[in-house]
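Written out below as structure tokens is the structure these notes cover.
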Amino acid sequence: MEELKNPFLFWSVLIIANLLMYVVNMVISFWWSQTKHLKSLKVTGLDVKTSVITLVINIIIAIPGYYLFSINKIMFTNHYFVRDLLLLIIAFDFAMYGLHYLSHIMWPLNIIHKNHHAHKYFNEFSLYVMHPMEAVFFGTLLTLFTYLFFFNMYSFLVFIFFNYLYGVIAHLNIRSPKQPMVFGNSTFHAEHHEKSNCNYGFYTVIWDKLFKTNS
Ligand SMILES: [Zn+2]
Ligand SMILES: [Zn+2]
């Protein structure tokens, strides 16, 4: 993975991956609503503008991470793939649950997080509709984790993809009475957008069940 220190390669891969994720999310979300004959939230010019800003921030926020990676302050290993992947998922799940909960009760986080809740129901842009600072927080948290712990490179890449996939799934238009057992689903996150006072978890429902904040 040393070749990724080449700035041309690193930034090309990062920009292409981000653009692809942005487009693929829209396609999946649109296809889902179409095949399920679901009415989605009307797309506004503000949705498009906000989502493009989030996309740009998701790219720019990698600058400090790339710098630390290039001077070997952020390093990756090539062992313990499964352990590191599980560690990333569990640690991030907990950190995001805590941050998300605080984002509903603590100033100024609640002001920032309000932007994401502008969508009570979903459209193709909902995943990317957020305050710019929220995108900055997530990118910084990711950089901080890789700075503090040396993860397996493949665990980290799979985790990034897993996080994206969960974001896409969580913001699909769906209404189902089924409650998830361990892993969150679209219904779980849709209820969070609707009610705003429950289901703060993202990948799993464990923390919500433990702290009795589930719906
Ligand atoms: Zn929220
Ligand atoms: Zn959401």
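Chains: A, B, ... in order of the structure tokens. Residues: from 1 per chain. Ligands: from 1, in order shown.
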
Could you list the protein, DNA and RNA residues that have any atom within 10 Å of ligand 2, counting only C-alpha atoms and all ligand atoms, and write them as an MDAnalysis selection string?
chainID A and resid 113 116:122 126:130 167:168 170:172 186 189:193 200 202

Export of prior selection with C-alpha atoms as a short mmCIF file (atom, residue, chain, number, x, y, z; two decimals), in the first residue's frame:
data_model
loop_
_atom_site.label_atom_id
_atom_site.label_comp_id
_atom_site.auth_asym_id
_atom_site.auth_seq_id
_atom_site.Cartn_x
_atom_site.Cartn_y
_atom_site.Cartn_z
CA HIS A 113 -27.45 18.23 13.21
CA HIS A 116 -29.82 16.32 8.42
CA HIS A 117 -33.29 16.20 9.99
CA ALA A 118 -34.65 18.61 7.39
CA HIS A 119 -35.60 15.33 5.68
CA LYS A 120 -38.34 13.67 7.73
CA TYR A 121 -38.78 11.29 4.78
CA PHE A 122 -36.17 10.31 2.23
CA SER A 126 -30.96 12.39 2.04
CA LEU A 127 -27.70 10.59 2.90
CA TYR A 128 -25.71 13.64 1.81
CA VAL A 129 -28.02 16.30 3.24
CA MET A 130 -26.23 17.61 6.33
CA GLY A 167 -25.53 4.97 5.00
CA VAL A 168 -27.18 4.06 1.69
CA ALA A 170 -30.34 3.48 6.24
CA HIS A 171 -31.67 6.23 3.94
CA LEU A 172 -33.71 4.06 1.57
CA SER A 186 -33.87 1.46 6.92
CA HIS A 189 -33.24 5.00 10.81
CA ALA A 190 -36.44 6.23 9.14
CA GLU A 191 -38.10 6.22 12.58
CA HIS A 192 -35.20 8.29 13.88
CA HIS A 193 -35.79 10.90 11.16
CA TYR A 200 -29.61 7.03 17.55
CA PHE A 202 -26.23 3.53 13.06
#

Test item, strand (DSSP E or B) assignment across range 24-207 of chain A, answer as a list in words:
Thr77, Asn152, Phe183 and Thr204 of chain A

Go ahead and write the residues just picked, N, CA and C atoms, as a tab-separated table (two decimals), in the first residue's frame.
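And here is the file that came out, part_20.tsv:
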chain	number	residue	atom	x	y	z
A	77	THR	N	-1.24	-1.77	9.02
A	77	THR	CA	-0.54	-3.06	9.11
A	77	THR	C	-1.14	-3.98	8.05
A	152	ASN	N	-5.27	-2.66	10.20
A	152	ASN	CA	-4.98	-3.36	8.96
A	152	ASN	C	-5.56	-2.52	7.81
A	183	PHE	N	-28.53	-5.61	13.92
A	183	PHE	CA	-28.11	-4.60	12.97
A	183	PHE	C	-29.28	-3.68	12.61
A	204	THR	N	-25.62	-0.74	14.43
A	204	THR	CA	-26.35	-1.71	15.25
A	204	THR	C	-27.38	-1.01	16.14

When distances are computed from only C-alpha atoms and all ligand atoms, which of A:Thr213, A:Leu165, A:Tyr101, A:Ile160 shows the smallest separation from ligand 1?
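Closest to ligand 1 of all the choices is A:Tyr101.
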
A:Phe151, A:Tyr97, A:Trp107, A:Tyr66: which is nearest ligand 1, counting only C-alpha atoms and all ligand atoms?
A:Tyr97

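Considering the residues A:Phe76, A:Phe138, A:Phe125, A:Phe162 and counting only C-alpha atoms, Leu41 in chain A has its shortest atom-to-atom contact with A:Phe125.
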
If you run DSSP on the backbone, which residues of range 43-206 of chain A are alpha helix (DSSP H), as a ChimeraX atom specification?
/A:45-60,62-70,81-105,109-113,132-148,153-170,186-195,206

Please provide as a list in words all residues within 10 Å of Val182 in chain A, with the sequence filter that same-chain residues fewer than 5 positions apart are discarded (counting only C-alpha atoms).
Tyr203, Thr204, Val205, Ile206, Trp207 and Lys209 of chain A

Restrict the selected residues to N, CA and C atoms and save them as an mmCIF file, in the first residue's frame.
data_model
loop_
_atom_site.group_PDB
_atom_site.id
_atom_site.type_symbol
_atom_site.label_atom_id
_atom_site.label_comp_id
_atom_site.auth_asym_id
_atom_site.auth_seq_id
_atom_site.Cartn_x
_atom_site.Cartn_y
_atom_site.Cartn_z
ATOM 1 N N TYR A 203 -24.988 1.447 12.847
ATOM 2 C CA TYR A 203 -24.782 0.089 12.311
ATOM 3 C C TYR A 203 -25.611 -0.918 13.103
ATOM 4 N N THR A 204 -25.623 -0.740 14.428
ATOM 5 C CA THR A 204 -26.351 -1.705 15.255
ATOM 6 C C THR A 204 -27.382 -1.011 16.136
ATOM 7 N N VAL A 205 -28.258 -1.835 16.744
ATOM 8 C CA VAL A 205 -29.277 -1.281 17.648
ATOM 9 C C VAL A 205 -28.888 -1.549 19.108
ATOM 10 N N ILE A 206 -27.676 -2.120 19.284
ATOM 11 C CA ILE A 206 -27.213 -2.550 20.611
ATOM 12 C C ILE A 206 -27.246 -1.412 21.632
ATOM 13 N N TRP A 207 -26.674 -0.266 21.271
ATOM 14 C CA TRP A 207 -26.542 0.841 22.241
ATOM 15 C C TRP A 207 -27.911 1.419 22.573
ATOM 16 N N LYS A 209 -30.667 -0.265 22.648
ATOM 17 C CA LYS A 209 -31.336 -1.203 23.549
ATOM 18 C C LYS A 209 -30.736 -1.077 24.956
#

List as a PDB file with C-alpha atoms, in the first residue's frame the protein and nucleic acid residues near Leu86 in chain A, meaning an atom at most 12 Å away when only C-alpha atoms are counted, but skip any in the same chain fewer than 3 places from it.
ATOM      1  CA  TYR A  80      -5.336  -9.184  12.018  1.00  0.00           C
ATOM      2  CA  PHE A  81      -7.847  -8.349   9.270  1.00  0.00           C
ATOM      3  CA  VAL A  82     -10.939  -9.711  11.045  1.00  0.00           C
ATOM      4  CA  ARG A  83      -9.989  -8.375  14.480  1.00  0.00           C
ATOM      5  CA  ILE A  89     -17.134  -1.355  13.424  1.00  0.00           C
ATOM      6  CA  ILE A  90     -17.757  -1.692  17.182  1.00  0.00           C
ATOM      7  CA  ALA A  91     -15.678   1.356  18.184  1.00  0.00           C
ATOM      8  CA  PHE A  92     -17.200   3.547  15.474  1.00  0.00           C
ATOM      9  CA  ASP A  93     -20.701   2.290  16.212  1.00  0.00           C
ATOM     10  CA  PHE A 151      -5.332  -0.767  11.659  1.00  0.00           C
ATOM     11  CA  ASN A 152      -4.977  -3.361   8.955  1.00  0.00           C
ATOM     12  CA  SER A 155      -9.921  -3.740   7.349  1.00  0.00           C
ATOM     13  CA  PHE A 156      -9.925   0.039   7.049  1.00  0.00           C
ATOM     14  CA  VAL A 158     -13.669  -2.599   3.961  1.00  0.00           C
ATOM     15  CA  PHE A 159     -14.896  -0.528   6.906  1.00  0.00           C
ATOM     16  CA  PHE A 162     -19.325  -0.892   5.012  1.00  0.00           C
ATOM     17  CA  TYR A 203     -24.782   0.089  12.311  1.00  0.00           C
TER      18      TYR A 203
END

A straight line from CA of Phe150 in chain A to CA of Glu3 in chain A spans 17.9 Å

Give me, as a ChimeraX atom specification, all polymer residues having an atom no more than 9 Å from Lys73 in chain A, counting only C-alpha atoms and skipping those fewer than 5 positions away in the same chain.
/A:67-68,147

Residues from last step as file, N, CA and C atoms, as a compact mmCIF listing (two decimals), in the first residue's frame:
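So again-v1.txt came out as:
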# COMPACT_ATOMS: atom_id res chain seq x y z
N TYR A 67 -1.72 13.81 4.67
CA TYR A 67 -0.44 14.39 5.12
C TYR A 67 0.18 13.48 6.20
N LEU A 68 -0.60 13.11 7.20
CA LEU A 68 -0.09 12.26 8.28
C LEU A 68 0.34 10.89 7.75
N TYR A 147 -5.12 7.68 13.31
CA TYR A 147 -3.92 8.27 13.91
C TYR A 147 -3.60 7.57 15.24

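Shortest separation to Ile169 in chain A among A:Ile28, A:Val48, A:Met75, A:Leu102 occurs at residue A:Ile28, atoms counted being only C-alpha atoms.
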
Which one is closest to Ile63 in chain A: A:Met153, A:Asp84, A:Phe10, A:Ile111? Count only C-alpha atoms.
A:Phe10

Write out as a PDB file with N, CA and C atoms, in the first residue's frame which residues come within 9 Å of range 19-21 of chain A when counting only C-alpha atoms, dropping same-chain ones fewer than 4 positions away.
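Final output, saved to out34.pdb:
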ATOM      1  N   LEU A  14      -9.182   8.576  -4.458  1.00  0.00           N
ATOM      2  CA  LEU A  14     -10.128   9.150  -3.494  1.00  0.00           C
ATOM      3  C   LEU A  14     -11.259   9.921  -4.185  1.00  0.00           C
ATOM      4  N   ILE A  15     -10.892  10.726  -5.170  1.00  0.00           N
ATOM      5  CA  ILE A  15     -11.910  11.537  -5.852  1.00  0.00           C
ATOM      6  C   ILE A  15     -12.854  10.644  -6.663  1.00  0.00           C
ATOM      7  N   ASN A  25     -25.201   5.900  -4.874  1.00  0.00           N
ATOM      8  CA  ASN A  25     -26.231   6.092  -3.846  1.00  0.00           C
ATOM      9  C   ASN A  25     -27.530   6.601  -4.468  1.00  0.00           C
ATOM     10  N   MET A  26     -27.362   7.569  -5.376  1.00  0.00           N
ATOM     11  CA  MET A  26     -28.550   8.139  -6.017  1.00  0.00           C
ATOM     12  C   MET A  26     -29.279   7.091  -6.855  1.00  0.00           C
ATOM     13  N   LEU A  55     -20.211  16.253  -0.522  1.00  0.00           N
ATOM     14  CA  LEU A  55     -19.308  15.457  -1.361  1.00  0.00           C
ATOM     15  C   LEU A  55     -17.922  16.108  -1.418  1.00  0.00           C
ATOM     16  N   TYR A 164     -20.313   3.264   4.183  1.00  0.00           N
ATOM     17  CA  TYR A 164     -21.047   3.861   3.058  1.00  0.00           C
ATOM     18  C   TYR A 164     -22.321   3.066   2.769  1.00  0.00           C
TER      19      TYR A 164
END

Could you jot down the CA of Phe149 in chain A to CA of Asn199 in chain A separation for me, Å, one decimal place?
28.4 Å

Between A:Ile71, A:Ile60, A:Val43, A:Val52, single out the one closest to Glu2 in chain A, counting only C-alpha atoms.
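Among A:Ile71, A:Ile60, A:Val43, A:Val52, it is A:Ile71 that comes nearest to Glu2 in chain A.
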
CA of Leu210 in chain A to CA of Thr187 in chain A measures 19.2 Å
